[in-house]
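Student: Here you go, one structure.
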Amino acid sequence: MLRRRLPDEIAQWPLPVQGVNLRDALGTLQPEEAEKMSNCYYDGGLRIRLGAATATAVSHGAFRGRGGYRVYPLTLPKFRLVAWDTKIATLSDTGAMGTVTFTMTSDQDTHFRTWSITDRTYVANHADVMGAIAASQTYATVTGVNIPASPTMVMPFLDRLFAIQGDGVWSTNPRTDAVWSPNSSTWAVYRPSGGTGMPTAIHLHSLTGNLNSPLAQLLIFQESSLTALTGNDFGSDVTQVTPPLTWDAQLTLLSPNLGTKSPYSLVTVPGVGTFWFTQSSSVAWLGFDASVPKIISDKLFSNRTDVYGVNDVNHDQLGQVRLVYHDRKLKLCFPVEANAYSTIQYWLDMRQLQSVPGLADTAKLSWSGPHTGQSLSAMWVEASGGDNDAFFACEGNSTVGMWVYAMNQPTVFTDQVGATANNVVEDYRSFYHRFGAPTYEKWIPTVRFDTFGSPQNARVTLKDLHGGTVASLIMTDLNGNAFSTVGANYYGTGLFYGNGVYYGASIAQTVGIVDVASQSDTAMLGDAIQVQLFVTGGNLIVNTITPQVQVRRTVPVN
């Protein structure tokens, strides 16, 4: 045993249970925080994120996807919609495209929403007269009285449809899409007064997810404010000049400063609430048990020049910011620099909020990222009608072409970007460990990694906060031999209960050792030391990172 060696439980680098922190100074990061978690996240261990595969067989032109949606008709089979250029098409599970219409105004963000009362899916793109797609997958312009000429969003609420048209939110008569309120209406067109500018988004806020819930609200966003529409009687004839005596609609200002210019960022997390990206570059959360939204993205405000945070979003393209709820994670995707599509992602582990409703201490929320390597536009999740929480997205970079990707694919650790597959590259950087002895110099001769997967693709760097670095060290086995092919089989590749093979039986746990003394001419000495794990491909799960640490008590660090 090394003289003055610290016990393993003191020396071990804790895994990033509290996620990434881009805001605080590096020397003040907490033991379960990380400086960076690029393309990795914590879930019972440090895991590299899964990759993406193409859902379309070929590119469909030099366009980017403008909308995507899964339709679950009442009687006919479910189908998937994708919008780009002038087209709305169906996309089968085998990658085949079938045209629904090719007459839309070109290159417009397209919003889809199904209303079970009519069994039709409504189309709004801020340019064309409201359209509808029937369960038979046929498209037609909605006809009737006062049909919105260029709506941006459509939403069912209680027994009618609502749509953003111009400076107001229009409504229909009960249970029909053929009669809408006139723009001149002083009561059946809802114009919030708490903020400035036209409505930017509408969203159903309901604990049960049921639009008929008595506690449901229709959230109406403006650029800088949030208003809730509530009531039980919105009038039987919205074309009348005056409302009926039983009309009880109310507009309630919930926030005068947390609005949005990102209508596609609105998402509901079951049992937790509604989330969105604000006009001031933050993620806001309105809990189902709350009347005031709160900010939950403080740790993603980057004070660093080498990592993009929410404050680096391209403000000219706030409309392209997306939030999706998938795999128990809230996934934030946003554009930076001059991009008009998302290249940066941060994921929030929702399990803490789901297990503790109304959690007030958001400082412990666990964000991971930045997740990079993908250039995405329209995104949607398919989690009904037998669909197993599938996540799809369109290619955002039109020079790559219009592709659709199946995201987070099991056993896939490459990102398909058009016709090219790129390895998912992990870059994890821990907090700066003082090993319980601040101001004293520490010496690290070896580091032990308890892993599953492919340690041969890992490179390890140790860095002192105030000085030296030893970089690009490799993992070997306990005998000093380099790893070759490890962990070729993963969960989900045919190892199931009941077929004679134990679930996960071929997954071998591997111990990797980094011998700093033999690989580096420079000794790893320092006060506060970070471990960086850089994985160039394949799958690697890290359960523990344990260095041998000797405290050099006679050499204090100033």
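All residue names refer to the structure tokens as shown: chains lettered A, B, ... in order, residues numbered from 1 in each chain, ligands numbered from 1 in order.
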Hey, what's within 12 Å of Thr94 (chain A) if we count only C-alpha atoms and toss same-chain stuff fewer than 3 positions away? As a VMD selection string, please?
Tutor: chain A and resid 54 to 58 80 90 to 91 97 to 98 404 406
Student: Could you turn the residues from that selection into a file that holds N, CA and C atoms, as a CSV table (one decimal), in the first residue's frame?
Tutor:
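Okay, this is what ended up in part_35.csv:
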```
chain,number,residue,atom,x,y,z
A,54,THR,N,-31.5,6.1,-40.2
A,54,THR,CA,-32.4,6.7,-41.2
A,54,THR,C,-33.8,6.0,-41.2
A,55,ALA,N,-34.8,6.8,-41.2
A,55,ALA,CA,-36.2,6.2,-41.4
A,55,ALA,C,-36.7,6.3,-42.8
A,56,THR,N,-36.0,7.2,-43.6
A,56,THR,CA,-36.3,7.3,-45.0
A,56,THR,C,-35.1,6.6,-45.8
A,57,ALA,N,-35.5,6.0,-46.9
A,57,ALA,CA,-34.5,5.3,-47.7
A,57,ALA,C,-33.5,6.2,-48.4
A,58,VAL,N,-34.0,7.3,-48.9
A,58,VAL,CA,-33.2,8.3,-49.7
A,58,VAL,C,-33.6,9.7,-49.2
A,80,ARG,N,-48.2,8.2,-40.2
A,80,ARG,CA,-47.2,9.2,-39.8
A,80,ARG,C,-47.2,10.3,-40.9
A,90,THR,N,-47.1,10.9,-46.1
A,90,THR,CA,-47.0,9.9,-45.1
A,90,THR,C,-45.7,9.2,-45.2
A,91,LEU,N,-45.2,8.7,-44.1
A,91,LEU,CA,-44.0,7.9,-44.0
A,91,LEU,C,-44.3,6.6,-43.3
A,97,MET,N,-42.6,6.7,-48.8
A,97,MET,CA,-43.3,8.0,-48.7
A,97,MET,C,-44.5,7.9,-49.6
A,98,GLY,N,-45.7,8.5,-49.1
A,98,GLY,CA,-46.9,8.6,-49.9
A,98,GLY,C,-47.4,10.0,-49.8
A,404,VAL,N,-35.4,11.7,-42.7
A,404,VAL,CA,-36.1,11.5,-41.4
A,404,VAL,C,-35.3,10.4,-40.7
A,406,ALA,N,-34.8,7.9,-37.2
A,406,ALA,CA,-35.3,7.2,-36.0
A,406,ALA,C,-34.2,7.4,-34.9
```
Student: When you look at Asp298 (chain A) with a cut-off of 10 Å (counting only C-alpha atoms), what residues show up, excluding the ones that are within fewer than 4 positions of it in the same chain? I need them as a PDB file with all heavy atoms, in the first residue's frame.
Tutor:
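Everything below was put into result-v1.pdb:
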```pdb
ATOM      1  N   ASN A  21     -22.977  21.522 -15.043  1.00  0.00           N
ATOM      2  CA  ASN A  21     -23.143  22.879 -14.530  1.00  0.00           C
ATOM      3  C   ASN A  21     -22.225  23.793 -15.338  1.00  0.00           C
ATOM      4  O   ASN A  21     -21.002  23.752 -15.189  1.00  0.00           O
ATOM      5  CB  ASN A  21     -22.789  22.947 -13.048  1.00  0.00           C
ATOM      6  CG  ASN A  21     -23.021  24.321 -12.440  1.00  0.00           C
ATOM      7  OD1 ASN A  21     -23.182  25.310 -13.149  1.00  0.00           O
ATOM      8  ND2 ASN A  21     -23.029  24.399 -11.123  1.00  0.00           N
ATOM      9  N   LEU A  22     -22.815  24.607 -16.209  1.00  0.00           N
ATOM     10  CA  LEU A  22     -22.036  25.501 -17.067  1.00  0.00           C
ATOM     11  C   LEU A  22     -21.881  26.887 -16.481  1.00  0.00           C
ATOM     12  O   LEU A  22     -21.107  27.687 -16.996  1.00  0.00           O
ATOM     13  CB  LEU A  22     -22.718  25.634 -18.440  1.00  0.00           C
ATOM     14  CG  LEU A  22     -23.049  24.348 -19.192  1.00  0.00           C
ATOM     15  CD1 LEU A  22     -23.699  24.688 -20.533  1.00  0.00           C
ATOM     16  CD2 LEU A  22     -21.821  23.498 -19.393  1.00  0.00           C
ATOM     17  N   ARG A  23     -22.601  27.164 -15.408  1.00  0.00           N
ATOM     18  CA  ARG A  23     -22.673  28.537 -14.911  1.00  0.00           C
ATOM     19  C   ARG A  23     -21.588  28.846 -13.875  1.00  0.00           C
ATOM     20  O   ARG A  23     -20.983  29.918 -13.900  1.00  0.00           O
ATOM     21  CB  ARG A  23     -24.054  28.789 -14.314  1.00  0.00           C
ATOM     22  CG  ARG A  23     -24.271  30.237 -13.909  1.00  0.00           C
ATOM     23  CD  ARG A  23     -25.727  30.575 -13.736  1.00  0.00           C
ATOM     24  NE  ARG A  23     -25.973  31.996 -13.887  1.00  0.00           N
ATOM     25  CZ  ARG A  23     -27.057  32.529 -14.392  1.00  0.00           C
ATOM     26  NH1 ARG A  23     -28.030  31.740 -14.832  1.00  0.00           N
ATOM     27  NH2 ARG A  23     -27.205  33.823 -14.482  1.00  0.00           N
ATOM     28  N   ASP A  24     -21.385  27.927 -12.953  1.00  0.00           N
ATOM     29  CA  ASP A  24     -20.490  28.211 -11.832  1.00  0.00           C
ATOM     30  C   ASP A  24     -19.026  28.071 -12.228  1.00  0.00           C
ATOM     31  O   ASP A  24     -18.677  27.386 -13.199  1.00  0.00           O
ATOM     32  CB  ASP A  24     -20.803  27.274 -10.664  1.00  0.00           C
ATOM     33  CG  ASP A  24     -22.174  27.551 -10.061  1.00  0.00           C
ATOM     34  OD1 ASP A  24     -22.734  28.629 -10.334  1.00  0.00           O
ATOM     35  OD2 ASP A  24     -22.695  26.678  -9.341  1.00  0.00           O
ATOM     36  N   SER A 282     -34.382  30.675 -21.716  1.00  0.00           N
ATOM     37  CA  SER A 282     -34.389  29.797 -20.551  1.00  0.00           C
ATOM     38  C   SER A 282     -35.518  28.797 -20.706  1.00  0.00           C
ATOM     39  O   SER A 282     -36.418  28.980 -21.529  1.00  0.00           O
ATOM     40  CB  SER A 282     -34.566  30.608 -19.258  1.00  0.00           C
ATOM     41  OG  SER A 282     -35.773  31.354 -19.300  1.00  0.00           O
ATOM     42  N   VAL A 283     -35.463  27.730 -19.928  1.00  0.00           N
ATOM     43  CA  VAL A 283     -36.532  26.738 -19.924  1.00  0.00           C
ATOM     44  C   VAL A 283     -37.434  27.021 -18.730  1.00  0.00           C
ATOM     45  O   VAL A 283     -36.965  27.112 -17.593  1.00  0.00           O
ATOM     46  CB  VAL A 283     -35.970  25.312 -19.832  1.00  0.00           C
ATOM     47  CG1 VAL A 283     -37.110  24.283 -19.792  1.00  0.00           C
ATOM     48  CG2 VAL A 283     -35.046  25.024 -21.017  1.00  0.00           C
ATOM     49  N   SER A 302     -24.168  29.348 -19.933  1.00  0.00           N
ATOM     50  CA  SER A 302     -22.742  29.059 -20.023  1.00  0.00           C
ATOM     51  C   SER A 302     -21.897  30.309 -19.811  1.00  0.00           C
ATOM     52  O   SER A 302     -22.052  31.304 -20.522  1.00  0.00           O
ATOM     53  CB  SER A 302     -22.405  28.450 -21.386  1.00  0.00           C
ATOM     54  OG  SER A 302     -21.016  28.193 -21.483  1.00  0.00           O
ATOM     55  N   GLY A 309     -24.212  27.259 -24.262  1.00  0.00           N
ATOM     56  CA  GLY A 309     -25.317  27.144 -23.334  1.00  0.00           C
ATOM     57  C   GLY A 309     -26.560  27.788 -23.908  1.00  0.00           C
ATOM     58  O   GLY A 309     -26.577  28.257 -25.060  1.00  0.00           O
ATOM     59  N   VAL A 310     -27.610  27.841 -23.101  1.00  0.00           N
ATOM     60  CA  VAL A 310     -28.871  28.409 -23.602  1.00  0.00           C
ATOM     61  C   VAL A 310     -28.721  29.879 -23.977  1.00  0.00           C
ATOM     62  O   VAL A 310     -29.467  30.390 -24.824  1.00  0.00           O
ATOM     63  CB  VAL A 310     -29.994  28.235 -22.566  1.00  0.00           C
ATOM     64  CG1 VAL A 310     -30.394  26.777 -22.417  1.00  0.00           C
ATOM     65  CG2 VAL A 310     -29.603  28.830 -21.209  1.00  0.00           C
ATOM     66  N   THR A 362     -34.902  23.272  -7.425  1.00  0.00           N
ATOM     67  CA  THR A 362     -34.500  22.919  -8.779  1.00  0.00           C
ATOM     68  C   THR A 362     -32.985  22.913  -8.949  1.00  0.00           C
ATOM     69  O   THR A 362     -32.489  22.566 -10.011  1.00  0.00           O
ATOM     70  CB  THR A 362     -35.117  23.894  -9.793  1.00  0.00           C
ATOM     71  OG1 THR A 362     -34.690  25.231  -9.477  1.00  0.00           O
ATOM     72  CG2 THR A 362     -36.624  23.820  -9.762  1.00  0.00           C
ATOM     73  N   ALA A 363     -32.244  23.287  -7.910  1.00  0.00           N
ATOM     74  CA  ALA A 363     -30.788  23.287  -8.013  1.00  0.00           C
ATOM     75  C   ALA A 363     -30.243  21.876  -8.198  1.00  0.00           C
ATOM     76  O   ALA A 363     -29.147  21.690  -8.692  1.00  0.00           O
ATOM     77  CB  ALA A 363     -30.173  23.920  -6.760  1.00  0.00           C
TER      78      ALA A 363
END
```
Student: Apply DSSP to the structure's backbone, then extract all residues of region 78-120 of chain A labelled strand (DSSP E or B) and return them as an MDAnalysis selection string.
Tutor: chainID A and resid 79:84 87:91 97:101 111:115 120
Student: Expressed in Å to a single decimal, how great is the separation between CA of Gly373 (chain A) and CA of Val424 (chain A)?
Tutor: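 Going from CA of Gly373 (chain A) over to CA of Val424 (chain A) covers 7.2 Å.
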Student: Residues within 9 Å of Pro31 (chain A), please, as an mmCIF file with C-alpha atoms, in the first residue's frame. Count only C-alpha atoms; anything in the same chain fewer than 5 positions from it doesn't count.
Tutor:
```
data_model
loop_
_atom_site.group_PDB
_atom_site.id
_atom_site.type_symbol
_atom_site.label_atom_id
_atom_site.label_comp_id
_atom_site.auth_asym_id
_atom_site.auth_seq_id
_atom_site.Cartn_x
_atom_site.Cartn_y
_atom_site.Cartn_z
ATOM 1 C CA TRP A 13 -14.750 10.495 -8.283
ATOM 2 C CA PRO A 14 -18.527 10.561 -7.719
ATOM 3 C CA LEU A 15 -20.536 10.087 -10.896
ATOM 4 C CA PRO A 16 -22.519 13.136 -12.133
ATOM 5 C CA GLN A 18 -26.553 16.241 -10.453
ATOM 6 C CA SER A 430 -15.865 15.598 -13.898
ATOM 7 C CA PHE A 431 -15.706 18.186 -11.150
ATOM 8 C CA TYR A 432 -12.280 19.034 -9.696
ATOM 9 C CA HIS A 433 -11.694 16.645 -6.810
#
```
Student: Give me the residues near Lys364 (chain A) as a VMD selection string, where near means some atom within 12 Å (using only C-alpha atoms) and where sequence neighbours in that chain fewer than 6 positions away do not count.
Tutor: chain A and resid 16 to 21 30 32 to 33 296 to 299 348 to 353
Student: Determine, counting only C-alpha atoms, which protein, DNA and RNA residues have an atom within 12 Å of an atom of region 184-189 of chain A; residues of the same chain fewer than 4 positions away are not included. Present the result as a VMD selection string.
Tutor: chain A and resid 146 148 160 to 173 179 to 180 199 229 233 to 244 247 to 251
Student: Let's have the selection written as a tab-separated table (two decimals), in the first residue's frame, with C-alpha atoms.
Tutor:
```tsv
chain	number	residue	atom	x	y	z
A	146	ASN	CA	-64.88	32.50	-41.05
A	148	PRO	CA	-58.83	30.97	-40.50
A	160	ARG	CA	-64.31	23.05	-29.76
A	161	LEU	CA	-61.25	24.03	-31.74
A	162	PHE	CA	-59.07	27.08	-31.12
A	163	ALA	CA	-56.56	28.56	-33.55
A	164	ILE	CA	-54.10	31.44	-33.59
A	165	GLN	CA	-55.06	33.74	-36.42
A	166	GLY	CA	-53.47	37.17	-36.64
A	167	ASP	CA	-53.72	39.04	-33.34
A	168	GLY	CA	-56.18	36.69	-31.63
A	169	VAL	CA	-57.14	33.14	-30.76
A	170	TRP	CA	-60.28	32.20	-32.68
A	171	SER	CA	-62.80	29.60	-31.55
A	172	THR	CA	-65.44	27.40	-33.18
A	173	ASN	CA	-68.96	26.42	-32.34
A	179	VAL	CA	-68.14	27.71	-37.98
A	180	TRP	CA	-65.51	30.06	-36.53
A	199	PRO	CA	-50.23	35.34	-29.70
A	229	LEU	CA	-58.04	30.64	-20.79
A	233	ASP	CA	-69.39	27.71	-21.56
A	234	PHE	CA	-67.75	29.40	-24.57
A	235	GLY	CA	-71.03	30.06	-26.36
A	236	SER	CA	-73.10	27.95	-28.75
A	237	ASP	CA	-72.91	30.46	-31.61
A	238	VAL	CA	-69.59	32.28	-31.86
A	239	THR	CA	-70.80	34.39	-34.78
A	240	GLN	CA	-73.18	36.37	-32.54
A	241	VAL	CA	-72.31	39.99	-31.73
A	242	THR	CA	-72.75	39.51	-27.98
A	243	PRO	CA	-72.04	36.49	-25.78
A	244	PRO	CA	-74.84	34.42	-24.24
A	247	TRP	CA	-70.77	32.51	-21.23
A	248	ASP	CA	-68.05	32.25	-18.53
A	249	ALA	CA	-64.69	32.35	-20.34
A	250	GLN	CA	-61.86	33.97	-18.34
A	251	LEU	CA	-58.38	35.12	-19.25
```
